[in-house]
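Q: Please find query-v2.pdb (PDB, C-alpha atoms) on the next line:
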```pdb
ATOM      1  CA  MET A 186     -15.140   2.818 -27.676
ATOM      2  CA  LYS A 187     -14.374   1.533 -24.195
ATOM      3  CA  SER A 188     -13.968  -2.196 -23.922
ATOM      4  CA  LYS A 189     -15.798  -4.165 -21.250
ATOM      5  CA  ILE A 190     -14.546  -7.469 -19.885
ATOM      6  CA  ILE A 191     -16.635  -9.938 -17.900
ATOM      7  CA  LEU A 192     -14.752 -12.638 -16.010
ATOM      8  CA  ASP A 193     -15.883 -15.764 -14.210
ATOM      9  CA  GLN A 194     -14.290 -16.776 -10.898
ATOM     10  CA  TYR A 195     -10.618 -17.788 -11.394
ATOM     11  CA  GLU A 196     -10.651 -16.578 -15.009
ATOM     12  CA  ARG A 197      -7.582 -14.576 -15.963
ATOM     13  CA  HIS A 198      -7.052 -11.697 -18.370
ATOM     14  CA  TYR A 199      -4.029  -9.647 -19.519
ATOM     15  CA  LEU A 200      -4.515  -5.876 -19.568
ATOM     16  CA  ASP A 201      -2.388  -5.297 -22.697
ATOM     17  CA  GLY A 202      -1.141  -1.912 -21.488
ATOM     18  CA  LYS A 203      -4.634  -0.531 -20.878
ATOM     19  CA  PHE A 204      -6.173   0.826 -17.685
ATOM     20  CA  PHE A 205      -9.423  -0.514 -16.289
ATOM     21  CA  ILE A 206     -11.873   0.324 -13.536
ATOM     22  CA  VAL A 207     -13.489  -2.506 -11.603
ATOM     23  CA  LYS A 208     -17.217  -2.042 -12.123
ATOM     24  CA  LYS A 209     -18.306  -5.178 -10.247
ATOM     25  CA  GLY A 210     -16.673  -7.998  -8.306
ATOM     26  CA  LYS A 211     -13.199  -8.587  -6.877
ATOM     27  CA  LEU A 212      -9.890  -9.545  -8.429
ATOM     28  CA  VAL A 213      -6.177  -9.891  -7.774
ATOM     29  CA  SER A 214      -3.460  -8.624 -10.070
ATOM     30  CA  ARG A 215      -0.025  -9.944 -10.918
ATOM     31  CA  ASP A 216       2.901  -8.171 -12.502
ATOM     32  CA  ILE A 217       4.529 -10.539 -14.977
ATOM     33  CA  LEU A 218       8.062  -9.542 -15.913
ATOM     34  CA  ASP A 219       9.704 -10.340 -19.220
ATOM     35  CA  SER A 220      12.039 -12.691 -17.301
ATOM     36  CA  GLY A 221       8.986 -14.775 -16.343
ATOM     37  CA  LYS A 222       9.017 -13.721 -12.686
ATOM     38  CA  ILE A 223       5.537 -13.118 -11.262
ATOM     39  CA  ILE A 224       4.865 -10.569  -8.525
ATOM     40  CA  THR A 225       1.434 -10.981  -6.957
ATOM     41  CA  ASN A 226       0.026  -7.833  -5.391
ATOM     42  CA  GLU A 227      -0.882  -8.184  -1.722
ATOM     43  CA  ASN A 228      -4.357  -6.704  -1.813
ATOM     44  CA  HIS A 229      -7.377  -7.470  -3.924
ATOM     45  CA  LEU A 230      -9.150  -4.896  -6.043
ATOM     46  CA  LYS A 231     -12.860  -4.235  -5.742
ATOM     47  CA  GLU A 232     -15.566  -2.090  -7.278
ATOM     48  CA  GLY A 233     -14.308   1.413  -8.096
ATOM     49  CA  ASP A 234     -10.579   0.522  -8.047
ATOM     50  CA  LEU A 235      -8.293   1.255 -10.999
ATOM     51  CA  ILE A 236      -5.820  -1.252 -12.403
ATOM     52  CA  GLY A 237      -3.006  -0.705 -14.907
ATOM     53  CA  ASN A 238       0.726  -0.107 -15.125
ATOM     54  CA  PHE A 239       1.027   3.209 -13.310
ATOM     55  CA  PHE A 240       4.821   3.179 -13.755
ATOM     56  CA  GLU A 241       4.055   4.430 -17.277
ATOM     57  CA  PHE A 242       3.361   7.854 -15.749
ATOM     58  CA  LEU A 243       6.916   8.277 -14.513
ATOM     59  CA  PRO A 244       8.758  11.041 -16.307
ATOM     60  CA  ASP A 245      11.581   9.815 -18.504
ATOM     61  CA  ASN A 246      14.265   9.779 -15.831
ATOM     62  CA  ASN A 247      15.960   6.655 -17.116
ATOM     63  CA  ILE A 248      14.820   4.333 -14.343
ATOM     64  CA  ILE A 249      15.591   0.811 -15.500
ATOM     65  CA  LEU A 250      12.451  -1.300 -15.223
ATOM     66  CA  PRO A 251      11.763  -4.614 -16.912
ATOM     67  CA  GLU A 252       8.828  -4.905 -19.263
ATOM     68  CA  ILE A 253       5.704  -5.513 -17.182
ATOM     69  CA  ASP A 254       2.533  -7.240 -18.290
ATOM     70  CA  ILE A 255      -0.354  -7.127 -15.838
ATOM     71  CA  GLU A 256      -2.627 -10.112 -15.410
ATOM     72  CA  VAL A 257      -5.824 -10.050 -13.377
ATOM     73  CA  GLU A 258      -7.722 -13.007 -11.937
ATOM     74  CA  ALA A 259     -11.360 -12.736 -10.927
ATOM     75  CA  LEU A 260     -12.229 -13.800  -7.386
ATOM     76  CA  GLU A 261     -15.977 -13.782  -8.091
ATOM     77  CA  ASP A 262     -18.235 -14.781 -10.970
ATOM     78  CA  GLY A 263     -19.418 -11.852 -13.041
ATOM     79  CA  THR A 264     -16.456  -9.580 -12.284
ATOM     80  CA  ILE A 265     -16.687  -6.666 -14.710
ATOM     81  CA  LEU A 266     -13.831  -4.450 -15.899
ATOM     82  CA  GLU A 267     -14.374  -1.391 -18.045
ATOM     83  CA  GLU A 268     -11.572   0.317 -19.924
ATOM     84  CA  PHE A 269     -10.643   3.650 -18.369
ATOM     85  CA  GLU A 270      -9.133   6.190 -20.742
ATOM     86  CA  PHE A 271      -7.138   9.164 -19.538
ATOM     87  CA  SER A 272      -3.894  10.830 -20.436
ATOM     88  CA  ALA A 273      -0.880  11.984 -18.480
ATOM     89  CA  ASP A 274      -1.729  15.532 -19.566
ATOM     90  CA  ASP A 275      -5.050  15.279 -17.709
ATOM     91  CA  ILE A 276      -3.265  14.230 -14.522
ATOM     92  CA  PHE A 277      -0.384  16.663 -14.684
ATOM     93  CA  GLN A 278      -2.530  19.782 -15.083
ATOM     94  CA  ASN A 279      -2.954  19.863 -11.299
ATOM     95  CA  ILE A 280       0.459  20.180  -9.601
ATOM     96  CA  TYR A 281      -0.795  18.727  -6.291
ATOM     97  CA  PHE A 282      -2.405  15.723  -7.945
ATOM     98  CA  GLU A 283       0.802  15.189  -9.930
ATOM     99  CA  LYS A 284       2.962  15.276  -6.782
ATOM    100  CA  MET A 285       0.609  12.910  -4.955
ATOM    101  CA  LEU A 286       0.640  10.435  -7.839
ATOM    102  CA  MET A 287       4.436  10.586  -8.164
ATOM    103  CA  GLN A 288       4.897   9.898  -4.433
ATOM    104  CA  LEU A 289       2.576   6.894  -4.590
ATOM    105  CA  ILE A 290       4.370   5.558  -7.662
ATOM    106  CA  LYS A 291       7.775   5.982  -5.988
ATOM    107  CA  LYS A 292       6.549   4.151  -2.905
ATOM    108  CA  SER A 293       5.288   1.286  -5.076
ATOM    109  CA  MET A 294       8.475   1.320  -7.105
ATOM    110  CA  ILE A 295      10.636   0.789  -4.004
ATOM    111  CA  LYS A 296       8.645  -2.341  -3.117
ATOM    112  CA  PHE A 297       8.916  -3.415  -6.741
ATOM    113  CA  PHE A 298      12.721  -2.940  -6.758
ATOM    114  CA  TYR A 299      13.008  -5.094  -3.641
ATOM    115  CA  GLN A 300      11.339  -7.990  -5.441
ATOM    116  CA  VAL A 301      12.984  -7.532  -8.836
ATOM    117  CA  TYR A 302      16.669  -6.941  -8.047
ATOM    118  CA  ASP A 303      19.234  -8.585  -5.822
ATOM    119  CA  THR A 304      20.215  -6.484  -2.779
ATOM    120  CA  LYS A 305      23.043  -4.739  -4.640
ATOM    121  CA  GLY A 306      20.721  -3.809  -7.519
ATOM    122  CA  TYR A 307      17.995  -2.783  -5.088
ATOM    123  CA  ILE A 308      20.317  -0.300  -3.375
ATOM    124  CA  MET A 309      21.548   1.104  -6.712
ATOM    125  CA  ALA A 310      17.990   1.443  -8.063
ATOM    126  CA  ILE A 311      16.900   3.411  -4.995
ATOM    127  CA  LEU A 312      20.004   5.604  -5.126
ATOM    128  CA  LYS A 313      19.237   6.322  -8.761
ATOM    129  CA  LEU A 314      15.583   7.020  -7.994
ATOM    130  CA  TYR A 315      16.499   9.715  -5.458
ATOM    131  CA  ALA A 316      19.475  11.234  -7.272
ATOM    132  CA  ASP A 317      19.211  14.786  -8.561
ATOM    133  CA  ASP A 318      19.659  15.871 -12.192
ATOM    134  CA  GLU A 319      23.449  15.759 -11.805
ATOM    135  CA  LYS A 320      23.122  12.157 -10.540
ATOM    136  CA  THR A 321      24.345  13.062  -7.067
ATOM    137  CA  ILE A 322      22.888  12.638  -3.586
ATOM    138  CA  ALA A 323      23.861  14.456  -0.400
ATOM    139  CA  LYS A 324      25.665  11.978   1.889
ATOM    140  CA  LYS A 325      23.609  13.165   4.853
ATOM    141  CA  ASP A 326      20.453  11.968   3.050
ATOM    142  CA  ILE A 327      21.621   8.346   2.863
ATOM    143  CA  ASN A 328      21.153   6.043   5.813
ATOM    144  CA  TYR A 329      20.716   2.282   6.008
ATOM    145  CA  GLU A 330      17.225   2.794   7.439
ATOM    146  CA  ASN A 331      16.101   4.181   4.059
ATOM    147  CA  PHE A 332      16.608   0.739   2.491
ATOM    148  CA  ASN A 333      14.731  -1.686   4.783
ATOM    149  CA  ILE A 334      17.804  -3.869   5.243
ATOM    150  CA  SER A 335      20.136  -4.388   8.186
ATOM    151  CA  ARG A 336      22.829  -1.852   8.969
ATOM    152  CA  SER A 337      25.671  -4.356   8.428
ATOM    153  CA  GLN A 338      24.220  -5.567   5.108
ATOM    154  CA  PHE A 339      23.761  -2.007   3.842
ATOM    155  CA  TYR A 340      27.306  -0.869   4.715
ATOM    156  CA  LEU A 341      28.854  -4.067   3.330
ATOM    157  CA  ILE A 342      27.146  -3.545  -0.031
ATOM    158  CA  TYR A 343      27.699   0.217   0.036
ATOM    159  CA  SER A 344      31.457  -0.308   0.482
ATOM    160  CA  LYS A 345      31.420  -2.816  -2.409
ATOM    161  CA  LEU A 346      29.646  -0.257  -4.596
ATOM    162  CA  LYS A 347      32.418   2.252  -3.854
ATOM    163  CA  LYS A 348      35.163  -0.327  -4.426
ATOM    164  CA  GLU A 349      33.611  -1.435  -7.738
ATOM    165  CA  LYS A 350      33.218   2.239  -8.802
ATOM    166  CA  PHE A 351      29.418   2.217  -9.041
ATOM    167  CA  ILE A 352      29.512   5.228  -6.731
ATOM    168  CA  THR A 353      32.144   7.662  -5.536
ATOM    169  CA  GLU A 354      32.131  10.069  -2.648
ATOM    170  CA  LYS A 355      33.345  13.608  -3.105
ATOM    171  CA  GLU A 356      33.096  16.167  -0.336
ATOM    172  CA  LYS A 357      29.567  15.758   1.022
ATOM    173  CA  LYS A 358      28.066  14.113  -2.057
ATOM    174  CA  ILE A 359      27.620  10.634  -3.471
ATOM    175  CA  ILE A 360      28.151  10.586  -7.233
ATOM    176  CA  LEU A 361      26.514   7.789  -9.210
ATOM    177  CA  ASN A 362      28.267   6.142 -12.157
ATOM    178  CA  ILE A 363      25.020   5.999 -14.119
ATOM    179  CA  GLU A 364      26.362   4.060 -17.117
ATOM    180  CA  LYS A 365      27.769   1.314 -14.899
ATOM    181  CA  ILE A 366      24.646   1.209 -12.709
ATOM    182  CA  ASP A 367      22.350   1.043 -15.751
ATOM    183  CA  GLU A 368      24.397  -1.793 -17.222
ATOM    184  CA  TYR A 369      24.104  -3.737 -13.958
ATOM    185  CA  LEU A 370      20.392  -3.066 -13.508
ATOM    186  CA  SER A 371      19.450  -3.937 -17.068
ATOM    187  CA  SER A 372      21.188  -7.316 -16.870
ATOM    188  CA  ASN A 373      20.517  -8.322 -13.253
ATOM    189  CA  TYR A 374      16.821  -8.400 -12.542
ATOM    190  CA  ASP A 375      15.146 -11.673 -11.690
TER
END
```
Produce structure tokens that represent the structure in this file.
A:
Amino acid sequence: MKSKIILDQYERHYLDGKFFIVKKGKLVSRDILDSGKIITNENHLKEGDLIGNFFEFLPDNNIILPEIDIEVEALEDGTILEEFEFSADDIFQNIYFEKMLMQLIKKSMIKFFYQVYDTKGYIMAILKLYADDEKTIAKKDINYENFNISRSQFYLIYSKLKKEKFITEKEKKIILNIEKIDEYLSSNYD
């Protein structure tokens, strides 16, 4: 049975890992990390929008993410949420829908990394996100512009990553030291 939640203006509710569709009203959502950090989403949700932790749909590629609890706050009296049940199998039966969803999740994840990690962790998380199965990236595919930080800041941190053996360069590839990166990421998010 689908649950239905009715919220008054400014009333808050935790989603408890479920997905909901906004049936009436407007609300804002916040990602609450296990560290206590709160990331408020920029846009409000309105009738017909879905809310939930879409990072759960990522394939198990060992991306280090903190535990996320999603809280919503109603912006209008009588805001109604209805539980929305679907499975990853339903989504991934259509290859184009799967690719579209994965691209949107990756785009959101990059913004999320920027807010969760320090600049060094942010760069490592993005490198890891775009690495292939052998945990390598073609050097020609990496440019400071990919990271939304200044050129000097990127190359300063990139050289530190090489010096500290988080990454190594061999021929035309960047090789990630996954164990070392994972250790850093799991202990250095805000």
Q: Return as a ChimeraX atom specification the set of residues that the PyMOL selection byres ((chain A and resi 269-285) around 10) yields on the displayed structure.
A: /A:186-189,203-207,235-237,241-244,266-268,286-290
Q: Calculated over only C-alpha atoms, which of the candidates A:Ile359, A:Ile352, A:Val301, A:Leu370 has the smallest distance to Lys324 in chain A?
A: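 Among the listed residues, A:Ile359 lies closest to Lys324 in chain A.
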Q: How would you write, as a ChimeraX atom specification, the residues chosen by the PyMOL selection byres ((chain A and resi 256) around 10) on this structure?
A: /A:197-201,213-217,223,225,236-237,253-255,257-258
Q: Show which residues sit within 12 Å of Ile342 in chain A, as a short mmCIF file (atom, residue, chain, number, x, y, z; two decimals) with C-alpha atoms, in the frame of the given file. Count all atoms listed in the file, and ignore same-chain residues fewer than 6 positions away.
A:
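Output contents, as saved in part21.cif:
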```
data_model
loop_
_atom_site.label_atom_id
_atom_site.label_comp_id
_atom_site.auth_asym_id
_atom_site.auth_seq_id
_atom_site.Cartn_x
_atom_site.Cartn_y
_atom_site.Cartn_z
CA ASP A 303 19.23 -8.59 -5.82
CA THR A 304 20.22 -6.48 -2.78
CA LYS A 305 23.04 -4.74 -4.64
CA GLY A 306 20.72 -3.81 -7.52
CA TYR A 307 18.00 -2.78 -5.09
CA ILE A 308 20.32 -0.30 -3.38
CA MET A 309 21.55 1.10 -6.71
CA TYR A 329 20.72 2.28 6.01
CA PHE A 332 16.61 0.74 2.49
CA ILE A 334 17.80 -3.87 5.24
CA SER A 335 20.14 -4.39 8.19
CA ARG A 336 22.83 -1.85 8.97
CA LYS A 348 35.16 -0.33 -4.43
CA GLU A 349 33.61 -1.44 -7.74
CA PHE A 351 29.42 2.22 -9.04
CA ILE A 352 29.51 5.23 -6.73
#
```
Q: List the spatial neighbours of Glu196 in chain A as a ChimeraX atom specification - criterion: any atom at most 10 Å away, all atoms listed in the file, same-chain residues fewer than 3 positions off excluded.
A: /A:191-193,212,257-262,264
Q: Interatomic distance between CA of Gly263 in chain A and CA of Ile190 in chain A?
A: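 According to the coordinates, CA of Gly263 in chain A and CA of Ile190 in chain A are separated by 9.5 Å.
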Q: Pick from A:Ser293, A:Asp367, A:Ser372, A:Leu218: nearest to Phe239 in chain A, with all atoms listed in the file counted?
A: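 Under the stated criterion, the closest residue is A:Ser293.
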Q: Edge lengths and centre, in Å to one decimal, as lines of an AutoDock Vina configuration file: that's what I need for the box along x, y and z that holds all listed atoms of range 283-294 of chain A plus 6 Å on each side.
A:
```
center_x = 4.5
center_y = 8.3
center_z = -6.4
size_x = 19.9
size_y = 26.0
size_z = 19.0
```
Q: Return the single residue from A:Lys347, A:Leu361, A:Gly210, A:Glu232 that is closest to Lys313 in chain A, with distances computed using only C-alpha atoms.
A: A:Leu361
Q: For Ile265 in chain A, which of A:Gln300, A:Asn228, A:Ser220, A:Gln194 is the closest residue, counting all atoms listed in the file?
A: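 Result for the nearest residue to Ile265 in chain A: A:Gln194.
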Q: Counting all atoms listed in the file, which of A:Lys320, A:Lys291, A:Phe297, A:Asn328 gets nearest to Tyr340 in chain A?
A: A:Asn328
Q: So what do you get for CA of Tyr299 in chain A versus CA of Ile363 in chain A, distance-wise?
A: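 Separation of CA of Tyr299 in chain A and CA of Ile363 in chain A: 19.4 Å.
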Q: Measure the distance from CA of Asn238 in chain A to CA of Asn362 in chain A in Å and round it to one decimal.
A: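 So the answer is 28.4 Å.
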Q: In terms of the shortest atom-to-atom distance over all atoms listed in the file, which of A:Asp219, A:Glu364, A:Leu250, A:Lys358 is closest to Tyr302 in chain A?
A: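 Among the listed residues, the smallest separation from Tyr302 in chain A belongs to A:Leu250.
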